[in-house]
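Engineer: Got a file for you: upload_19.cif, mmCIF, C-alpha atoms.
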data_query
#
loop_
_atom_site.label_atom_id
_atom_site.label_comp_id
_atom_site.auth_asym_id
_atom_site.auth_seq_id
_atom_site.Cartn_x
_atom_site.Cartn_y
_atom_site.Cartn_z
CA MET T 1 49.32 -44.42 38.22
CA GLU T 2 51.84 -45.51 40.84
CA ASP T 3 51.78 -44.47 44.47
CA SER T 4 53.49 -41.10 44.06
CA LEU T 5 51.94 -38.33 42.00
CA THR T 6 53.95 -36.01 39.78
CA ASP T 7 53.81 -32.33 40.72
CA SER T 8 51.51 -31.56 37.78
CA THR T 9 49.11 -34.38 38.65
CA TYR T 10 49.13 -33.40 42.32
CA LEU T 11 48.32 -29.76 41.51
CA ILE T 12 45.60 -30.66 39.02
CA LEU T 13 43.91 -32.90 41.60
CA LEU T 14 44.09 -30.05 44.13
CA ALA T 15 42.46 -27.70 41.63
CA LEU T 16 39.71 -30.26 41.03
CA LEU T 17 38.56 -30.28 44.64
CA LYS T 18 35.94 -28.00 43.09
CA PRO T 19 34.45 -28.50 39.62
CA GLN T 20 36.49 -26.75 36.93
CA HIS T 21 37.21 -26.91 33.22
CA GLY T 22 40.60 -27.26 31.53
CA TYR T 23 41.74 -23.69 31.29
CA ALA T 24 40.40 -22.75 34.74
CA ILE T 25 42.53 -25.59 36.16
CA MET T 26 45.61 -24.16 34.44
CA LYS T 27 44.95 -20.73 35.93
CA GLU T 28 44.21 -22.16 39.37
CA VAL T 29 47.46 -24.16 39.37
CA ASN T 30 49.35 -21.05 38.36
CA ALA T 31 47.74 -19.07 41.20
CA LEU T 32 48.26 -21.89 43.77
CA THR T 33 51.98 -21.91 43.01
CA LYS T 34 52.32 -18.12 42.90
CA GLY T 35 53.10 -18.22 39.19
CA GLN T 36 55.81 -20.88 39.56
CA VAL T 37 54.03 -23.66 37.68
CA ASN T 38 52.50 -23.30 34.24
CA ILE T 39 50.87 -26.45 32.92
CA GLY T 40 51.02 -26.53 29.14
CA PRO T 41 47.86 -27.36 27.17
CA ALA T 42 49.21 -30.65 25.83
CA SER T 43 50.25 -31.83 29.29
CA MET T 44 46.94 -30.62 30.71
CA TYR T 45 44.89 -32.59 28.21
CA THR T 46 47.07 -35.71 28.53
CA ILE T 47 46.93 -35.71 32.32
CA LEU T 48 43.17 -35.04 32.41
CA LYS T 49 42.56 -38.05 30.15
CA LYS T 50 44.81 -40.24 32.24
CA LEU T 51 43.19 -39.17 35.51
CA GLN T 52 39.78 -39.80 33.99
CA LYS T 53 40.83 -43.27 32.83
CA ASN T 54 42.10 -44.06 36.33
CA GLU T 55 38.81 -42.75 37.76
CA PHE T 56 40.59 -40.17 39.91
CA ILE T 57 38.42 -37.48 38.35
CA THR T 58 35.05 -37.56 36.68
CA LEU T 59 33.20 -35.50 34.11
CA LYS T 60 30.81 -33.21 35.97
CA GLU T 61 29.29 -31.30 33.10
CA SER T 62 29.86 -31.47 29.41
CA SER T 63 29.03 -28.95 26.74
CA GLU T 64 30.28 -28.75 23.17
CA ARG T 65 33.35 -26.67 24.00
CA LYS T 66 33.90 -27.07 27.71
CA LYS T 67 34.05 -30.07 29.96
CA THR T 68 33.97 -29.64 33.72
CA TYR T 69 35.80 -32.15 35.90
CA LEU T 70 35.68 -32.99 39.60
CA ILE T 71 37.81 -35.20 41.83
CA THR T 72 36.31 -38.61 42.78
CA ASP T 73 36.51 -40.38 46.15
CA LYS T 74 39.25 -42.56 44.72
CA GLY T 75 41.12 -39.45 43.56
CA LEU T 76 40.69 -37.80 46.95
CA HIS T 77 42.09 -40.89 48.66
CA ILE T 78 45.16 -40.87 46.39
CA LEU T 79 45.58 -37.14 46.92
CA LYS T 80 45.54 -37.53 50.72
CA ILE T 81 48.17 -40.28 50.54
CA ASP T 82 50.34 -38.05 48.39
CA ILE T 83 49.95 -35.08 50.72
CA GLU T 84 51.18 -37.33 53.57
CA ARG T 85 54.14 -38.39 51.42
CA ARG T 86 54.96 -34.78 50.62
CA LYS T 87 54.58 -33.81 54.28
CA LEU T 88 57.08 -36.50 55.22
CA LEU T 89 59.62 -35.17 52.71
CA TYR T 90 59.03 -31.61 53.80
CA GLN T 91 59.33 -32.43 57.51
CA ALA T 92 62.49 -34.45 56.98
CA GLY T 93 64.05 -31.48 55.19
CA ASN T 94 62.89 -29.07 57.84
CA CYS T 95 64.18 -31.18 60.74
CA LEU T 96 67.57 -31.85 59.26
CA LEU T 97 68.12 -28.23 58.32
CA ALA T 98 67.03 -27.10 61.81
CA GLU T 99 69.51 -29.55 63.39
CA LYS T 100 72.21 -28.06 61.28
CA GLY T 101 71.08 -24.63 62.43
CA GLU T 102 70.35 -23.48 58.92
CA MET T 103 66.62 -23.13 59.25
CA ASN T 104 65.53 -20.10 57.32
CA GLU T 105 63.03 -17.96 59.25
CA HIS T 106 60.76 -17.26 56.31
CA VAL T 107 60.33 -20.87 55.23
CA MET I 1 61.94 -27.10 -2.58
CA ASN I 2 59.45 -25.91 -5.20
CA MET I 3 57.74 -22.57 -5.60
CA PHE I 4 54.90 -21.36 -7.72
CA LYS I 5 51.91 -18.97 -7.45
CA GLY I 6 53.04 -17.62 -4.07
CA LYS I 7 53.26 -21.11 -2.66
CA LYS I 8 56.20 -23.15 -1.53
CA TYR I 9 56.45 -26.89 -0.96
CA ILE I 10 59.00 -28.56 1.26
CA PHE I 11 59.12 -32.28 1.84
CA SER I 12 58.31 -33.16 5.45
CA ARG I 13 61.13 -34.51 7.61
CA GLY I 14 58.67 -36.90 9.18
CA ILE I 15 56.19 -35.57 11.67
CA ALA I 16 56.19 -38.77 13.71
CA PHE I 17 59.91 -38.94 14.37
CA TYR I 18 61.22 -35.40 13.94
CA PRO I 19 58.47 -33.03 15.10
CA GLU I 20 60.91 -30.81 17.00
CA LYS I 21 63.05 -30.34 13.92
CA GLU I 22 60.03 -29.75 11.71
CA MET I 23 58.73 -27.01 14.02
CA GLN I 24 62.06 -25.21 13.74
CA LEU I 25 61.60 -25.33 9.98
CA LEU I 26 58.11 -23.77 10.26
CA LYS I 27 59.53 -21.05 12.49
CA LYS I 28 62.33 -20.28 10.08
CA GLN I 29 59.96 -20.15 7.11
CA ALA I 30 57.53 -17.87 9.01
CA SER I 31 60.39 -15.46 9.76
CA LYS I 32 60.92 -15.23 5.99
CA GLY I 33 57.19 -14.64 5.37
CA TRP I 34 56.27 -18.19 4.38
CA HIS I 35 53.26 -19.25 6.44
CA PHE I 36 52.61 -22.92 7.00
CA LYS I 37 49.19 -23.89 5.61
CA LYS I 38 48.96 -27.66 5.72
CA MET I 39 50.68 -30.95 5.20
CA SER I 40 49.56 -32.59 1.96
CA HIS I 41 48.55 -36.26 1.86
CA ILE I 42 51.84 -37.32 0.36
CA GLY I 43 53.87 -35.46 2.94
CA PHE I 44 54.63 -32.03 1.50
CA LEU I 45 54.51 -29.03 3.78
CA VAL I 46 52.62 -26.25 2.00
CA PHE I 47 53.52 -22.61 2.69
CA GLU I 48 51.90 -19.41 1.45
CA LYS I 49 53.58 -16.06 1.05
CA GLY I 50 52.67 -13.39 3.62
CA THR I 51 54.34 -10.95 5.97
CA PRO I 52 57.31 -12.22 7.99
CA GLU I 53 56.52 -13.04 11.60
CA ASP I 54 58.38 -14.36 14.60
CA LYS I 55 56.29 -17.14 16.13
CA ALA I 56 56.73 -20.40 18.01
CA PHE I 57 55.29 -23.57 16.46
CA SER I 58 54.20 -26.86 18.00
CA VAL I 59 52.63 -30.02 16.77
CA ASP I 60 50.78 -32.50 18.94
CA PHE I 61 49.45 -35.99 18.38
CA PHE I 62 45.76 -36.29 19.24
CA ASP I 63 44.29 -39.72 19.89
CA GLY I 64 41.00 -38.74 21.53
CA LEU I 65 37.48 -39.25 20.20
CA PRO I 66 36.13 -36.77 17.61
CA GLU I 67 33.74 -35.30 20.21
CA GLU I 68 36.69 -34.51 22.47
CA LEU I 69 38.38 -32.41 19.82
CA SER I 70 36.71 -29.09 20.54
CA GLU I 71 37.63 -29.28 24.23
CA TYR I 72 41.20 -30.10 23.23
CA LEU I 73 41.46 -27.10 20.92
CA VAL I 74 39.84 -24.74 23.43
CA ILE I 75 42.46 -25.64 26.06
CA TYR I 76 45.20 -24.78 23.55
CA GLN I 77 43.51 -21.60 22.43
CA GLU I 78 43.09 -20.32 25.96
CA ALA I 79 46.73 -21.06 26.70
CA GLY I 80 47.72 -18.87 23.73
CA TRP I 81 48.28 -21.60 21.11
CA GLU I 82 46.31 -21.03 17.92
CA ASN I 83 45.43 -24.08 15.85
CA ILE I 84 46.66 -23.48 12.30
CA ALA I 85 46.35 -26.88 10.60
CA ASN I 86 45.87 -30.57 11.13
CA TYR I 87 46.95 -33.72 9.38
CA LYS I 88 44.25 -36.38 9.18
CA LYS I 89 42.78 -35.10 12.48
CA LYS I 90 45.66 -36.84 14.24
CA TYR I 91 48.42 -34.26 14.16
CA PHE I 92 47.46 -30.73 15.17
CA TYR I 93 49.69 -27.75 14.39
CA PHE I 94 49.71 -24.67 16.59
CA LYS I 95 51.43 -21.32 16.67
CA ALA I 96 51.90 -18.82 19.46
CA ASP I 97 53.94 -15.82 20.50
CA CYS I 98 57.51 -16.82 21.26
CA ASP I 99 57.22 -16.20 25.01
CA THR I 100 54.22 -18.55 25.41
CA PRO I 101 55.12 -21.53 27.66
CA THR I 102 55.63 -24.80 25.76
CA ILE I 103 52.68 -27.13 25.20
CA TYR I 104 54.25 -29.84 27.37
CA SER I 105 55.24 -28.89 30.89
CA ASP I 106 56.45 -32.19 32.30
CA SER I 107 58.32 -35.18 30.97
CA GLU I 108 55.72 -37.72 32.11
CA SER I 109 52.98 -36.41 29.84
CA TYR I 110 55.48 -35.98 27.00
CA TRP I 111 56.42 -39.63 27.31
CA LEU I 112 52.73 -40.62 27.33
CA ARG I 113 52.30 -38.73 24.07
CA MET I 114 55.24 -40.51 22.43
CA LYS I 115 53.93 -43.87 23.56
CA LYS I 116 50.39 -43.20 22.27
CA GLU I 117 51.74 -42.06 18.94
CA TRP I 118 54.01 -45.06 18.46
CA ILE I 119 51.32 -47.53 19.42
CA TRP I 120 48.97 -45.88 16.90
CA LEU I 121 51.62 -45.95 14.17
CA SER I 122 52.43 -49.61 14.82
CA ILE I 123 48.80 -50.70 14.81
CA ARG I 124 48.13 -48.76 11.62
CA SER I 125 51.10 -50.28 9.84
CA LEU I 126 50.20 -53.80 11.03
CA PHE I 127 46.97 -53.44 9.08
CA TYR I 128 48.89 -54.14 5.85
CA PHE I 129 50.78 -57.14 7.18
CA PRO I 130 48.09 -59.83 6.59
CA LEU I 131 47.58 -58.47 3.06
CA GLY I 132 51.29 -58.89 2.36
CA ILE I 133 51.38 -62.40 3.79
CA GLY I 134 48.24 -63.29 1.82
CA LEU I 135 49.77 -62.10 -1.45
CA LEU I 136 52.98 -64.05 -0.90
CA ILE I 137 51.04 -67.21 -0.03
CA LEU I 138 48.97 -66.75 -3.20
CA LEU I 139 52.14 -66.45 -5.26
CA PHE I 140 53.63 -69.49 -3.58
CA LEU I 141 50.54 -71.62 -4.25
CA THR I 142 50.30 -70.55 -7.88
CA LYS I 143 53.98 -71.10 -8.63
CA THR I 144 53.44 -74.04 -10.99
CA LEU I 145 50.36 -72.62 -12.68
CA GLN I 146 50.49 -72.38 -16.49
CA GLU I 147 48.41 -70.40 -18.97
CA HIS I 148 46.83 -68.30 -16.25
CA PHE I 149 46.99 -64.55 -15.68
CA LEU I 150 48.89 -65.31 -12.46
CA SER I 151 51.61 -67.07 -14.43
CA SER I 152 52.69 -63.86 -16.15
CA LEU I 153 56.07 -62.77 -14.89
CA GLY I 154 55.10 -59.07 -14.86
CA ILE I 155 52.07 -59.62 -12.63
CA ARG I 156 53.98 -61.97 -10.35
CA THR I 157 56.78 -59.44 -9.90
CA LEU I 158 54.30 -56.64 -9.20
CA LEU I 159 52.38 -58.74 -6.65
CA ALA I 160 55.59 -59.88 -4.99
CA PHE I 161 56.70 -56.25 -4.73
CA ILE I 162 53.40 -55.11 -3.18
CA GLY I 163 53.41 -58.11 -0.84
CA MET I 164 56.95 -57.39 0.30
CA LEU I 165 56.12 -53.72 0.84
CA CYS I 166 53.11 -54.60 3.03
CA ILE I 167 55.30 -56.87 5.13
CA ALA I 168 58.19 -54.41 5.24
CA LEU I 169 56.03 -51.49 6.42
CA PRO I 170 55.28 -52.68 9.97
CA ILE I 171 58.84 -54.00 10.30
CA GLY I 172 60.09 -50.60 9.18
CA VAL I 173 57.90 -48.77 11.69
CA ALA I 174 59.01 -51.10 14.48
CA ILE I 175 62.68 -50.54 13.61
CA ASN I 176 62.14 -46.78 13.44
CA VAL I 177 60.46 -46.73 16.84
CA ALA I 178 63.15 -48.92 18.40
CA PHE I 179 65.87 -46.78 16.82
CA SER I 180 64.25 -43.58 18.08
CA ILE I 181 63.92 -44.94 21.62
CA ILE I 182 67.56 -46.06 21.72
CA ILE I 183 69.26 -43.13 19.97
CA TYR I 184 67.09 -40.42 21.52
CA SER I 185 66.52 -42.07 24.88
CA ASP I 186 66.68 -38.73 26.69
CA ARG I 187 64.10 -37.03 24.45
CA THR I 188 61.57 -36.71 27.28
CA LYS I 189 63.99 -34.51 29.22
CA TYR I 190 63.59 -31.90 26.50
CA TYR I 191 59.81 -31.62 26.91
CA ASN I 192 60.06 -27.84 27.33
CA GLN I 193 63.11 -27.21 25.14
CA PRO I 194 62.11 -28.49 21.70
CA GLU I 195 64.59 -26.17 19.91
CA ARG I 196 67.50 -27.62 21.88
CA PHE I 197 66.37 -31.13 21.08
CA ALA I 198 65.90 -30.26 17.40
CA LYS I 199 69.61 -29.45 17.21
CA ARG I 200 70.42 -32.99 18.28
CA GLN I 201 68.18 -34.64 15.70
CA LYS I 202 70.39 -35.77 12.82
CA ILE I 203 68.09 -36.80 10.01
CA VAL I 204 70.74 -37.67 7.40
CA ARG I 205 72.75 -39.78 9.82
CA ASP I 206 69.60 -41.57 11.05
CA SER I 207 68.33 -42.19 7.49
CA LEU I 208 71.64 -43.67 6.41
CA PHE I 209 71.74 -45.92 9.43
CA LEU I 210 68.13 -47.05 8.97
CA ALA I 211 68.66 -47.58 5.24
CA MET I 212 71.60 -49.82 6.10
CA ILE I 213 69.50 -51.87 8.52
CA GLY I 214 66.76 -52.04 5.87
CA PHE I 215 69.24 -53.20 3.27
CA ILE I 216 70.61 -55.96 5.49
CA ILE I 217 67.11 -57.18 6.36
CA GLY I 218 66.12 -57.01 2.70
CA VAL I 219 69.10 -59.11 1.65
CA LEU I 220 68.42 -61.63 4.43
CA ILE I 221 64.77 -61.96 3.40
CA SER I 222 65.59 -62.40 -0.27
CA ILE I 223 68.17 -65.10 0.52
CA LEU I 224 65.63 -66.79 2.75
CA LEU I 225 62.85 -66.64 0.17
CA LYS I 226 64.99 -67.29 -2.87
CA ASN I 227 63.07 -69.24 -5.53
CA SER I 228 60.00 -69.48 -3.33
CA PHE I 229 57.86 -67.51 -5.75
#
Can you present the structure in this file as structure tokens?

Structural biologist:
Amino acid sequence: MEDSLTDSTYLILLALLKPQHGYAIMKEVNALTKGQVNIGPASMYTILKKLQKNEFITLKESSERKKTYLITDKGLHILKIDIERRKLLYQAGNCLLAEKGEMNEHV
Amino acid sequence: MNMFKGKKYIFSRGIAFYPEKEMQLLKKQASKGWHFKKMSHIGFLVFEKGTPEDKAFSVDFFDGLPEELSEYLVIYQEAGWENIANYKKKYFYFKADCDTPTIYSDSESYWLRMKKEWIWLSIRSLFYFPLGIGLLILLFLTKTLQEHFLSSLGIRTLLAFIGMLCIALPIGVAINVAFSIIIYSDRTKYYNQPERFAKRQKIVRDSLFLAMIGFIIGVLISILLKNSF
């Protein structure tokens, strides 16, 4: 995984700040983004496996049907870096729009 | 296309290279009341007669461990995708209501899937390569043998054919993968629009092109190996 996280990966890591299983993560991501982002089951599974391989998340509990995951310290570190990166992008956009006098009040 | 006893068989377009197109076929058959049951070992899609239904179909390549399978299927099930069949526990077929979001929701994970699948296919086909080389070496070493079962022309031709096939298989897979990557280089952009991508997949054109490449390679090899066996 390179330095910047994809939106899906970013959101999944956010959801895994508390222990959750696959489908609960999907629902949490959907709620976090006010219904804007739906992570498909194939993407969900693929990303979970990749995050696990990179040791960004770990298996917390494992039963026959459900596996519960949780973010690791390494994952948390990466997440914080990415939040900073996203903040930078957001602030740049905000500043430039404000300079142009186009800042929308509700944003 | 064959039909008997309420069953219908259609030859698969190739689940590894044309899954999008194949899923459109399943959808079309379901709308006519032919429900997909399984893919047979030799590559026939088996349908059974039932009531017509309008459903979306997806197939995914699974490369996890057997003990990870139930978790995998539960995630699909809870997202609204019902597992309807599998092929050798590697390809899993699902169906869902048409408004269910697609199984892939970003291009990165879709690309990861393609990569995993192609690596698996290549490794599996490479398995036959040493056997092919071994057979050809055997034929080469026994070229001057007389009065031996290996000196019979029939057996030699058969062994040469099997040997060539074993060598051609991994080369064929490699060419197919390379072809797919080049011709459909923007496939990952269609991660959530498989029907749109299916329209762009031209199986006849691709087969002709690949057959041509195969023919040229075949001719080159036979010129190279002329009289060796």

Engineer: Neighbouring residues of range 18-26 of chain I were defined as those with any atom within 8 Å, considering all atoms listed in the file; residues of the same chain fewer than 3 positions away were excluded. Please report them as a VMD selection string.

Structural biologist: chain I and resid 12 to 15 29 to 30 35 to 36 56 to 59 194 to 195 197 to 199 201

Engineer: Quick one: pull the distance between CA of Tyr23 in chain T and CA of Asp97 in chain I, Å, one decimal.

Structural biologist: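 Computed distance, CA of Tyr23 in chain T to CA of Asp97 in chain I, equals 18.1 Å.
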
Engineer: Just checking: using all atoms listed in the file, which residue out of I:Ile119, I:Ala178, I:Leu135, I:Ala96 ends up closest to Cys166 in chain I?

Structural biologist: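 That would be I:Leu135, the residue with the smallest distance to Cys166 in chain I.
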
Engineer: So which one's closest to Glu53 in chain I, I:Arg113, I:Lys95, I:Lys143, I:Lys37? Using all atoms listed in the file, please.

Structural biologist: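 Comparing I:Arg113, I:Lys95, I:Lys143, I:Lys37 against Glu53 in chain I, the winner is I:Lys95.
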
Engineer: Only residues of chain I matter here; which ones have an atom within 7 Å of chain T, counting all atoms listed in the file? Give them as a list in words.

Structural biologist: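 That gives the following set of residues: Ser70, Glu71, Tyr72, Val74, Ile75, Tyr76, Glu78, Ala79, Pro101, Thr102, Ile103, Tyr104, Ser105, Asp106 and Ser109 of chain I.
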
Engineer: Taking the file above as input, evaluate the PyMOL selection byres ((chain I and resi 117) around 12) and report the hits as a VMD selection string.

Structural biologist: chain I and resid 15 to 17 19 60 to 64 90 to 91 110 to 116 118 to 124 173 177

Engineer: I:Glu68, I:Thr51, I:Met164, I:Pro170: which is nearest Leu48 in chain T, counting all atoms listed in the file?

Structural biologist: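 Of the candidates, the smallest distance to Leu48 in chain T is held by I:Glu68.
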